[in-house]
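Chemist: Got query22.cif for you, mmCIF, C-alpha atoms:
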```
data_model
#
loop_
_atom_site.label_atom_id
_atom_site.label_comp_id
_atom_site.auth_asym_id
_atom_site.auth_seq_id
_atom_site.Cartn_x
_atom_site.Cartn_y
_atom_site.Cartn_z
CA MET A 1 -26.61 56.03 277.09
CA ASN A 2 -26.03 59.75 277.13
CA GLU A 3 -24.67 59.79 273.56
CA ALA A 4 -27.55 58.01 271.89
CA SER A 5 -30.65 58.22 274.01
CA SER A 6 -34.08 56.79 273.35
CA HIS A 7 -36.89 58.77 271.74
CA THR A 8 -38.43 59.39 275.15
CA GLN A 9 -35.83 62.09 275.74
CA GLU A 10 -36.98 65.01 273.60
CA ARG A 11 -34.59 67.36 271.92
CA SER A 12 -35.04 70.99 270.99
CA GLY A 13 -36.36 71.36 267.46
CA TRP A 14 -38.20 68.03 267.37
CA ARG A 15 -41.78 67.47 268.42
CA PRO A 16 -43.75 64.36 267.50
CA ALA A 17 -47.04 64.95 265.74
CA SER A 18 -49.91 65.31 268.20
CA TYR A 19 -52.58 64.51 265.61
CA TYR A 20 -53.09 62.63 262.34
CA PRO A 21 -52.26 63.04 259.54
CA ASP A 22 -48.72 64.07 260.47
CA PRO A 23 -48.12 67.60 259.10
CA ALA A 24 -44.52 66.61 258.34
CA ILE A 25 -45.73 64.45 255.45
CA HIS A 26 -46.63 66.18 252.19
CA ALA A 27 -48.19 64.80 249.02
CA LEU A 28 -46.85 66.79 246.08
CA ASP A 29 -48.56 64.58 243.52
CA ARG A 30 -51.69 62.45 243.86
CA ARG A 31 -49.59 59.35 243.19
CA PHE A 32 -48.06 59.71 246.65
CA GLU A 33 -51.45 59.25 248.37
CA LYS A 34 -51.17 55.51 247.75
CA TYR A 35 -48.10 55.31 249.98
CA TRP A 36 -49.18 57.69 252.76
CA LEU A 37 -50.61 56.00 255.82
CA LYS A 38 -52.69 58.76 257.38
CA LEU A 39 -52.57 57.15 260.84
CA SER A 40 -48.78 56.92 260.83
CA ALA A 41 -46.41 59.59 262.10
CA VAL A 42 -42.69 60.23 262.03
CA GLU A 43 -41.00 58.88 265.17
CA ARG A 44 -37.56 59.71 266.52
CA LEU A 45 -35.90 56.48 267.63
CA ALA A 46 -32.56 57.83 268.82
CA THR A 47 -30.52 61.01 268.90
CA GLY A 48 -27.08 62.18 270.01
CA LEU A 49 -25.15 60.92 266.99
CA ARG A 50 -22.64 63.15 265.20
CA TRP A 51 -23.39 62.09 261.60
CA ALA A 52 -25.80 59.22 261.07
CA GLU A 53 -25.37 57.09 257.95
CA GLY A 54 -25.80 53.65 256.46
CA PRO A 55 -28.94 52.22 258.09
CA VAL A 56 -29.50 48.51 257.41
CA TRP A 57 -32.29 46.25 258.63
CA PHE A 58 -31.81 42.76 260.10
CA GLY A 59 -35.26 41.20 259.96
CA ASP A 60 -34.16 37.89 261.46
CA GLY A 61 -33.08 39.73 264.61
CA ARG A 62 -35.61 42.57 264.39
CA TYR A 63 -32.98 45.25 264.73
CA LEU A 64 -31.50 48.15 262.80
CA LEU A 65 -27.82 48.98 262.48
CA CYS A 66 -26.72 52.54 261.73
CA SER A 67 -23.28 54.11 261.33
CA ASP A 68 -22.25 57.10 263.43
CA ILE A 69 -19.20 58.00 261.38
CA PRO A 70 -17.32 60.63 263.45
CA ASN A 71 -17.92 58.69 266.66
CA GLN A 72 -16.31 55.60 265.13
CA ARG A 73 -19.20 53.29 265.93
CA ILE A 74 -22.14 51.36 264.54
CA LEU A 75 -25.25 51.54 266.70
CA LYS A 76 -27.94 48.90 267.13
CA TRP A 77 -31.63 49.69 267.69
CA GLU A 78 -33.92 46.84 268.74
CA GLU A 79 -37.47 47.00 267.43
CA GLU A 80 -39.14 45.01 270.20
CA THR A 81 -37.66 46.97 273.10
CA GLY A 82 -36.43 50.25 271.60
CA ALA A 83 -33.07 49.61 273.25
CA ILE A 84 -29.96 51.30 271.82
CA SER A 85 -26.52 49.74 272.12
CA VAL A 86 -23.13 49.83 270.45
CA PHE A 87 -22.80 47.09 267.87
CA ARG A 88 -19.19 47.90 266.88
CA LYS A 89 -16.60 50.35 268.17
CA PRO A 90 -14.23 51.30 266.72
CA SER A 91 -15.95 50.98 263.37
CA ASN A 92 -13.07 52.19 261.18
CA PHE A 93 -15.25 55.17 260.27
CA ALA A 94 -17.91 52.89 258.78
CA ASN A 95 -20.33 54.57 256.40
CA GLY A 96 -22.71 52.64 254.13
CA ASN A 97 -24.02 49.20 255.10
CA THR A 98 -26.11 46.49 253.48
CA ARG A 99 -26.58 42.72 253.69
CA ASP A 100 -25.49 40.15 251.17
CA ARG A 101 -27.65 37.29 249.92
CA GLN A 102 -26.50 35.12 252.82
CA GLY A 103 -27.55 37.75 255.36
CA ARG A 104 -24.05 38.93 256.23
CA LEU A 105 -23.26 42.57 256.93
CA VAL A 106 -21.33 44.35 254.16
CA THR A 107 -19.76 47.67 255.18
CA CYS A 108 -17.96 50.58 253.53
CA GLU A 109 -15.13 51.81 255.78
CA HIS A 110 -13.55 55.23 255.36
CA GLY A 111 -10.79 54.52 257.86
CA GLY A 112 -9.55 51.34 256.23
CA ARG A 113 -10.41 52.56 252.74
CA ARG A 114 -12.06 49.23 252.16
CA VAL A 115 -15.25 47.20 251.84
CA THR A 116 -15.68 44.43 254.40
CA ARG A 117 -18.01 41.57 255.21
CA THR A 118 -18.86 40.48 258.73
CA GLU A 119 -19.01 36.69 258.92
CA TYR A 120 -21.48 34.70 261.00
CA ASP A 121 -18.89 34.28 263.75
CA GLY A 122 -18.20 38.03 263.90
CA SER A 123 -14.88 37.93 262.08
CA ILE A 124 -14.27 40.46 259.34
CA THR A 125 -13.28 39.63 255.76
CA VAL A 126 -11.84 42.33 253.50
CA LEU A 127 -13.66 42.20 250.18
CA MET A 128 -11.66 44.99 248.55
CA ASP A 129 -9.21 47.69 249.58
CA GLN A 130 -7.30 48.38 246.35
CA PHE A 131 -7.65 48.28 242.59
CA ASN A 132 -4.69 47.57 240.31
CA GLY A 133 -2.32 48.16 243.20
CA LYS A 134 -3.79 51.53 244.18
CA ARG A 135 -5.64 52.08 247.45
CA LEU A 136 -9.31 52.90 247.32
CA ASN A 137 -10.39 56.36 248.44
CA SER A 138 -13.21 56.06 250.99
CA PRO A 139 -15.95 53.60 250.01
CA ASN A 140 -19.26 55.29 250.67
CA ASP A 141 -22.39 53.28 249.87
CA VAL A 142 -23.02 49.69 248.86
CA VAL A 143 -25.75 47.41 247.48
CA VAL A 144 -25.84 43.71 246.68
CA LYS A 145 -27.55 42.52 243.50
CA SER A 146 -29.63 39.35 243.34
CA ASP A 147 -26.72 37.49 241.73
CA GLY A 148 -24.64 38.21 244.83
CA SER A 149 -22.41 40.84 243.22
CA VAL A 150 -21.40 43.75 245.43
CA TRP A 151 -21.67 47.26 243.93
CA PHE A 152 -20.21 50.29 245.73
CA THR A 153 -19.17 53.90 245.27
CA ASP A 154 -15.73 55.24 246.14
CA PRO A 155 -15.55 59.06 246.40
CA THR A 156 -12.79 60.95 248.24
CA PHE A 157 -14.94 62.37 251.06
CA GLY A 158 -13.25 60.39 253.84
CA LEU A 159 -9.82 61.64 252.77
CA LEU A 160 -10.68 65.32 253.12
CA GLY A 161 -10.15 65.57 256.88
CA ASN A 162 -9.86 63.68 260.14
CA TYR A 163 -13.53 63.89 261.10
CA GLU A 164 -14.95 61.08 258.96
CA GLY A 165 -11.69 59.33 258.10
CA TYR A 166 -8.02 60.17 257.82
CA THR A 167 -6.54 62.97 255.73
CA ALA A 168 -4.73 61.54 252.72
CA GLU A 169 -4.10 62.10 249.04
CA PRO A 170 -6.19 59.97 246.69
CA GLU A 171 -4.36 57.35 244.65
CA ILE A 172 -7.17 56.61 242.23
CA GLU A 173 -10.09 58.41 240.61
CA PRO A 174 -13.53 58.13 242.22
CA ASN A 175 -15.34 55.21 240.61
CA VAL A 176 -18.27 52.85 240.97
CA TYR A 177 -17.17 49.22 241.34
CA ARG A 178 -18.63 45.75 241.00
CA LEU A 179 -17.27 42.73 242.87
CA ASP A 180 -17.97 39.40 241.21
CA PRO A 181 -19.50 36.93 243.71
CA ALA A 182 -17.77 33.88 242.27
CA THR A 183 -14.24 35.16 241.66
CA GLY A 184 -14.05 38.23 243.90
CA LYS A 185 -12.67 40.12 240.90
CA ALA A 186 -13.36 43.85 240.86
CA THR A 187 -14.31 45.86 237.79
CA ILE A 188 -15.01 49.54 237.33
CA VAL A 189 -18.58 49.88 236.10
CA ALA A 190 -18.78 53.70 236.08
CA GLU A 191 -16.04 56.30 235.66
CA GLY A 192 -16.29 60.07 235.50
CA VAL A 193 -19.03 60.40 238.13
CA LEU A 194 -18.36 63.58 240.09
CA GLY A 195 -18.48 62.45 243.71
CA PRO A 196 -20.30 59.10 243.41
CA ASN A 197 -22.43 58.62 246.50
CA GLY A 198 -25.67 56.72 247.14
CA LEU A 199 -26.72 53.96 244.75
CA CYS A 200 -29.53 51.45 244.31
CA PHE A 201 -31.16 49.23 241.72
CA SER A 202 -34.67 49.44 240.34
CA PRO A 203 -36.86 46.53 241.50
CA ASP A 204 -36.22 44.57 238.28
CA GLU A 205 -32.49 45.43 238.48
CA LYS A 206 -32.55 46.76 234.92
CA ILE A 207 -31.55 50.27 236.07
CA LEU A 208 -28.79 51.39 238.44
CA TYR A 209 -29.23 54.80 240.07
CA VAL A 210 -26.17 56.69 241.34
CA VAL A 211 -26.07 60.03 243.15
CA GLU A 212 -23.55 62.45 241.66
CA SER A 213 -22.94 64.60 244.72
CA ARG A 214 -20.38 66.93 243.15
CA GLY A 215 -22.36 67.50 239.99
CA VAL A 216 -22.09 70.91 238.34
CA PRO A 217 -24.00 73.14 238.77
CA ASN A 218 -26.31 70.86 240.78
CA ARG A 219 -26.25 67.44 242.33
CA LYS A 220 -27.88 64.80 240.18
CA ILE A 221 -29.26 61.31 240.30
CA LEU A 222 -27.86 59.43 237.34
CA ALA A 223 -29.43 56.37 235.73
CA TYR A 224 -27.70 53.56 233.84
CA ASP A 225 -29.04 50.54 232.00
CA VAL A 226 -27.77 47.25 233.44
CA SER A 227 -26.59 44.65 230.92
CA ALA A 228 -28.53 41.41 230.51
CA ASP A 229 -25.80 39.43 232.24
CA GLY A 230 -25.73 41.93 235.14
CA THR A 231 -22.02 42.70 234.89
CA ALA A 232 -21.92 46.12 233.21
CA ILE A 233 -23.89 49.34 232.79
CA SER A 234 -24.40 51.75 229.89
CA ASN A 235 -26.48 54.67 228.64
CA LYS A 236 -25.54 57.13 231.38
CA ARG A 237 -28.19 59.84 231.73
CA VAL A 238 -29.47 62.42 234.19
CA HIS A 239 -32.58 60.98 235.81
CA ILE A 240 -33.10 63.83 238.30
CA ASP A 241 -31.49 67.26 238.54
CA ALA A 242 -31.61 68.01 242.26
CA GLY A 243 -31.53 71.80 241.87
CA PRO A 244 -30.89 73.24 245.35
CA GLY A 245 -31.39 69.82 246.94
CA THR A 246 -28.67 67.51 248.20
CA PRO A 247 -29.50 63.85 247.53
CA ASP A 248 -27.28 61.45 249.41
CA GLY A 249 -28.44 57.88 250.04
CA MET A 250 -31.56 56.34 248.49
CA ARG A 251 -33.57 53.16 248.11
CA CYS A 252 -36.27 51.93 245.72
CA ASP A 253 -39.60 50.56 246.80
CA ILE A 254 -41.33 47.67 245.05
CA ASP A 255 -43.11 50.06 242.66
CA GLY A 256 -39.85 51.66 241.53
CA ASN A 257 -40.23 54.92 243.45
CA LEU A 258 -36.97 56.44 244.72
CA TRP A 259 -36.96 57.42 248.40
CA CYS A 260 -34.05 59.82 248.81
CA GLY A 261 -32.25 61.38 251.76
CA TRP A 262 -32.32 65.13 251.17
CA GLY A 263 -31.50 68.51 252.66
CA MET A 264 -28.74 70.89 253.70
CA GLY A 265 -29.08 74.52 254.65
CA ASP A 266 -32.78 75.18 254.06
CA PRO A 267 -35.42 73.72 256.42
CA GLU A 268 -37.71 73.37 253.41
CA LEU A 269 -35.26 70.87 251.95
CA ASP A 270 -34.42 68.78 255.02
CA GLY A 271 -35.82 65.26 255.19
CA VAL A 272 -36.78 62.70 252.56
CA VAL A 273 -38.21 63.23 249.09
CA VAL A 274 -39.90 60.61 246.95
CA PHE A 275 -39.67 60.42 243.18
CA ALA A 276 -41.92 58.37 240.92
CA PRO A 277 -40.17 56.17 238.33
CA ASP A 278 -40.59 58.95 235.76
CA GLY A 279 -38.49 61.31 237.91
CA VAL A 280 -41.33 63.48 239.20
CA MET A 281 -41.15 64.44 242.89
CA ILE A 282 -44.38 63.13 244.39
CA GLY A 283 -43.89 63.34 248.16
CA ARG A 284 -41.85 64.78 250.98
CA ILE A 285 -41.21 63.85 254.61
CA ALA A 286 -40.02 66.92 256.49
CA LEU A 287 -37.43 66.40 259.23
CA PRO A 288 -35.67 68.96 261.45
CA GLU A 289 -32.33 67.63 260.15
CA ARG A 290 -30.79 66.75 256.82
CA CYS A 291 -31.33 63.09 256.02
CA ALA A 292 -28.23 61.30 254.74
CA ASN A 293 -29.53 57.81 254.08
CA LEU A 294 -32.43 55.44 254.62
CA CYS A 295 -33.66 51.89 254.29
CA PHE A 296 -36.86 49.89 254.55
CA GLY A 297 -37.39 47.39 257.36
CA GLY A 298 -39.81 46.12 259.94
CA LEU A 299 -41.74 42.85 259.86
CA LYS A 300 -43.33 43.66 256.48
CA ARG A 301 -40.48 45.84 255.14
CA ASN A 302 -42.95 48.72 255.23
CA ARG A 303 -41.17 50.85 257.81
CA LEU A 304 -38.89 53.56 256.51
CA PHE A 305 -35.80 54.15 258.66
CA MET A 306 -34.08 57.51 258.15
CA ALA A 307 -30.54 58.38 259.27
CA ALA A 308 -30.69 62.15 259.62
CA SER A 309 -27.62 64.07 260.83
CA GLN A 310 -27.76 63.50 264.60
CA SER A 311 -30.84 61.29 264.84
CA ILE A 312 -32.60 58.19 263.57
CA TYR A 313 -36.26 58.45 262.54
CA ALA A 314 -38.88 55.97 261.36
CA LEU A 315 -42.21 56.09 259.53
CA TYR A 316 -44.63 53.36 258.49
CA VAL A 317 -45.56 53.65 254.81
CA ASN A 318 -47.89 51.77 252.48
CA THR A 319 -45.21 50.13 250.38
CA GLN A 320 -42.24 47.85 250.81
CA GLY A 321 -38.58 48.14 250.06
CA ALA A 322 -37.29 46.42 246.96
CA SER A 323 -34.72 43.72 247.67
CA GLY A 324 -31.00 44.29 247.28
CA GLY A 325 -30.12 46.52 250.21
#
```
Please lay out the structure from this file as structure tokens.
Modeler:
Amino acid sequence: MNEASSHTQERSGWRPASYYPDPAIHALDRRFEKYWLKLSAVERLATGLRWAEGPVWFGDGRYLLCSDIPNQRILKWEEETGAISVFRKPSNFANGNTRDRQGRLVTCEHGGRRVTRTEYDGSITVLMDQFNGKRLNSPNDVVVKSDGSVWFTDPTFGLLGNYEGYTAEPEIEPNVYRLDPATGKATIVAEGVLGPNGLCFSPDEKILYVVESRGVPNRKILAYDVSADGTAISNKRVHIDAGPGTPDGMRCDIDGNLWCGWGMGDPELDGVVVFAPDGVMIGRIALPERCANLCFGGLKRNRLFMAASQSIYALYVNTQGASGG
């Protein structure tokens, strides 16, 4: 494929590490040393995308899916062969992806302004496209809790132009939603978030983290306490003030560390940053592109897959992704 070639075709600005430890990996706090495999290096798996987003791992098939939003497609990378193919095109400007507790693909679509589920036979079920009679904006990122509930963010980003969606006026405020697994009923769990973006749960699911990507004066990662019955959140607080950084998508590892896509504008910011549960930045993975989103995968869920602007990268780490997307 000339649009998404394998990592054997090098691209200006990217050079794999020629020695260990990889100089792209930085420990900013001694706590990060536990997670840094010194004989592992950042690998570029594919390039030639226009805006990479929403990586999701399918362990039963040993492959990764990743959205390429402007190109209207979801790509598939196979771990055993390194082969790249088109999983879905058109993708309806698909953005965030995850899997539900039955292993089915759940996708946020800018184009359809909806959240969908891909069934085992390949058919698509619309989980939600409106709330109280008003169309959603452009669902962005999604996670599935252990009880099967689907949680997603709905900013207006896909309505702002015809590059990652279709230009339109919003009908509803940006919110964070929860879909009940038994009834399919939707509820707003968070209002007033300025540009809700990436989200994930702590390993024990007692905390929900949400990126506020239009926060003033800086982007923020918000934290909420999850109710005992798992249906509501409370105690909104700023967990991390991003300063000049631009957090986008994120995932927790089994120790509660936040691995966050980061960057925009300054090479010193581009890549992935890692925060300990107390909010201290402990590590950084430098990439030549801004990283939008990431996930854990591989046979032991210890391989970090990073969707970064025009490329997909991977790095083995000494931890595992927490469950739930």
Chemist: Can you work out which one of A:Ser213, A:Ser18, A:Ser146, A:Thr47 has the shortest atom-to-atom distance to Asp100 (chain A), counting only C-alpha atoms?
Modeler: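 Selected residue with least distance to Asp100 (chain A): A:Ser146.
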Chemist: Smallest atom-to-atom distance to Val176 (chain A): which of A:Ser202, A:Ser67, A:Asn140, A:Thr125, using all atoms listed in the file?
Modeler: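 Using all atoms listed in the file, the shortest distance to Val176 (chain A) belongs to A:Asn140.
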Chemist: Evaluate the PyMOL selection byres ((chain A and resi 177) around 8) on the structure here and hand back the selected residues as a PDB file with C-alpha atoms, in the coordinates of the input.
Modeler:
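For reference, selection.pdb as written:
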```pdb
ATOM      1  CA  TRP A 151     -21.670  47.260 243.930  1.00  0.00           C
ATOM      2  CA  PHE A 152     -20.210  50.290 245.730  1.00  0.00           C
ATOM      3  CA  THR A 153     -19.170  53.900 245.270  1.00  0.00           C
ATOM      4  CA  ASP A 154     -15.730  55.240 246.140  1.00  0.00           C
ATOM      5  CA  ASN A 175     -15.340  55.210 240.610  1.00  0.00           C
ATOM      6  CA  VAL A 176     -18.270  52.850 240.970  1.00  0.00           C
ATOM      7  CA  ARG A 178     -18.630  45.750 241.000  1.00  0.00           C
ATOM      8  CA  LEU A 179     -17.270  42.730 242.870  1.00  0.00           C
ATOM      9  CA  ALA A 186     -13.360  43.850 240.860  1.00  0.00           C
ATOM     10  CA  THR A 187     -14.310  45.860 237.790  1.00  0.00           C
ATOM     11  CA  ILE A 188     -15.010  49.540 237.330  1.00  0.00           C
ATOM     12  CA  VAL A 189     -18.580  49.880 236.100  1.00  0.00           C
ATOM     13  CA  ALA A 190     -18.780  53.700 236.080  1.00  0.00           C
TER      14      ALA A 190
END
```
Chemist: For this file, the PyMOL selection byres ((chain A and resi 284) around 10) selects which residues, as an NGL selection string?
Modeler: :A and (24-28 or 32 or 259-260 or 262 or 268-275 or 281-283 or 285-287)
Chemist: Keeping only C-alpha atoms, write the selected residues as a PDB file, in the coordinates of the input.
Modeler:
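Written output follows (again-v2.pdb):
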```pdb
ATOM      1  CA  ALA A  24     -44.520  66.610 258.340  1.00  0.00           C
ATOM      2  CA  ILE A  25     -45.730  64.450 255.450  1.00  0.00           C
ATOM      3  CA  HIS A  26     -46.630  66.180 252.190  1.00  0.00           C
ATOM      4  CA  ALA A  27     -48.190  64.800 249.020  1.00  0.00           C
ATOM      5  CA  LEU A  28     -46.850  66.790 246.080  1.00  0.00           C
ATOM      6  CA  PHE A  32     -48.060  59.710 246.650  1.00  0.00           C
ATOM      7  CA  TRP A 259     -36.960  57.420 248.400  1.00  0.00           C
ATOM      8  CA  CYS A 260     -34.050  59.820 248.810  1.00  0.00           C
ATOM      9  CA  TRP A 262     -32.320  65.130 251.170  1.00  0.00           C
ATOM     10  CA  GLU A 268     -37.710  73.370 253.410  1.00  0.00           C
ATOM     11  CA  LEU A 269     -35.260  70.870 251.950  1.00  0.00           C
ATOM     12  CA  ASP A 270     -34.420  68.780 255.020  1.00  0.00           C
ATOM     13  CA  GLY A 271     -35.820  65.260 255.190  1.00  0.00           C
ATOM     14  CA  VAL A 272     -36.780  62.700 252.560  1.00  0.00           C
ATOM     15  CA  VAL A 273     -38.210  63.230 249.090  1.00  0.00           C
ATOM     16  CA  VAL A 274     -39.900  60.610 246.950  1.00  0.00           C
ATOM     17  CA  PHE A 275     -39.670  60.420 243.180  1.00  0.00           C
ATOM     18  CA  MET A 281     -41.150  64.440 242.890  1.00  0.00           C
ATOM     19  CA  ILE A 282     -44.380  63.130 244.390  1.00  0.00           C
ATOM     20  CA  GLY A 283     -43.890  63.340 248.160  1.00  0.00           C
ATOM     21  CA  ILE A 285     -41.210  63.850 254.610  1.00  0.00           C
ATOM     22  CA  ALA A 286     -40.020  66.920 256.490  1.00  0.00           C
ATOM     23  CA  LEU A 287     -37.430  66.400 259.230  1.00  0.00           C
TER      24      LEU A 287
END
```
Chemist: Do a neighbour search on Asp129 (chain A) at 10 Å with all atoms listed in the file, toss out local chain neighbours closer than 6 positions, and write the hits as an mmCIF file with C-alpha atoms, in the coordinates of the input.
Modeler:
```cif
data_model
loop_
_atom_site.group_PDB
_atom_site.id
_atom_site.type_symbol
_atom_site.label_atom_id
_atom_site.label_comp_id
_atom_site.auth_asym_id
_atom_site.auth_seq_id
_atom_site.Cartn_x
_atom_site.Cartn_y
_atom_site.Cartn_z
ATOM 1 C CA GLU A 109 -15.130 51.810 255.780
ATOM 2 C CA GLY A 112 -9.550 51.340 256.230
ATOM 3 C CA ARG A 113 -10.410 52.560 252.740
ATOM 4 C CA ARG A 114 -12.060 49.230 252.160
ATOM 5 C CA VAL A 115 -15.250 47.200 251.840
ATOM 6 C CA THR A 116 -15.680 44.430 254.400
ATOM 7 C CA ARG A 135 -5.640 52.080 247.450
ATOM 8 C CA LEU A 136 -9.310 52.900 247.320
ATOM 9 C CA ASN A 137 -10.390 56.360 248.440
ATOM 10 C CA SER A 138 -13.210 56.060 250.990
ATOM 11 C CA PRO A 139 -15.950 53.600 250.010
#
```
Chemist: Which residue is closest to Val150 (chain A)? Choose from A:Pro174, A:Gly122, A:Gly192, A:Gly230 and count only C-alpha atoms.
Modeler: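 Ranked by minimum distance to Val150 (chain A), first place goes to A:Gly230.
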Chemist: In Å, how far is it from CA of Asn97 (chain A) to CA of Asp141 (chain A)?
Modeler: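 Between CA of Asn97 (chain A) and CA of Asp141 (chain A) the gap works out to 6.8 Å.
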Chemist: Can you spell out as JSON, numbers by chain the set of residues that the PyMOL selection byres ((chain A and resi 252) around 9) selects in the structure I just provided?
Modeler: {"A": [200, 201, 202, 203, 250, 251, 253, 254, 255, 256, 257, 258, 259, 260, 295, 320, 321, 322, 323]}
Chemist: In Å, rounded to a single decimal, give me how far CA of Glu53 (chain A) is from CA of Gln310 (chain A).
Modeler: 9.5 Å
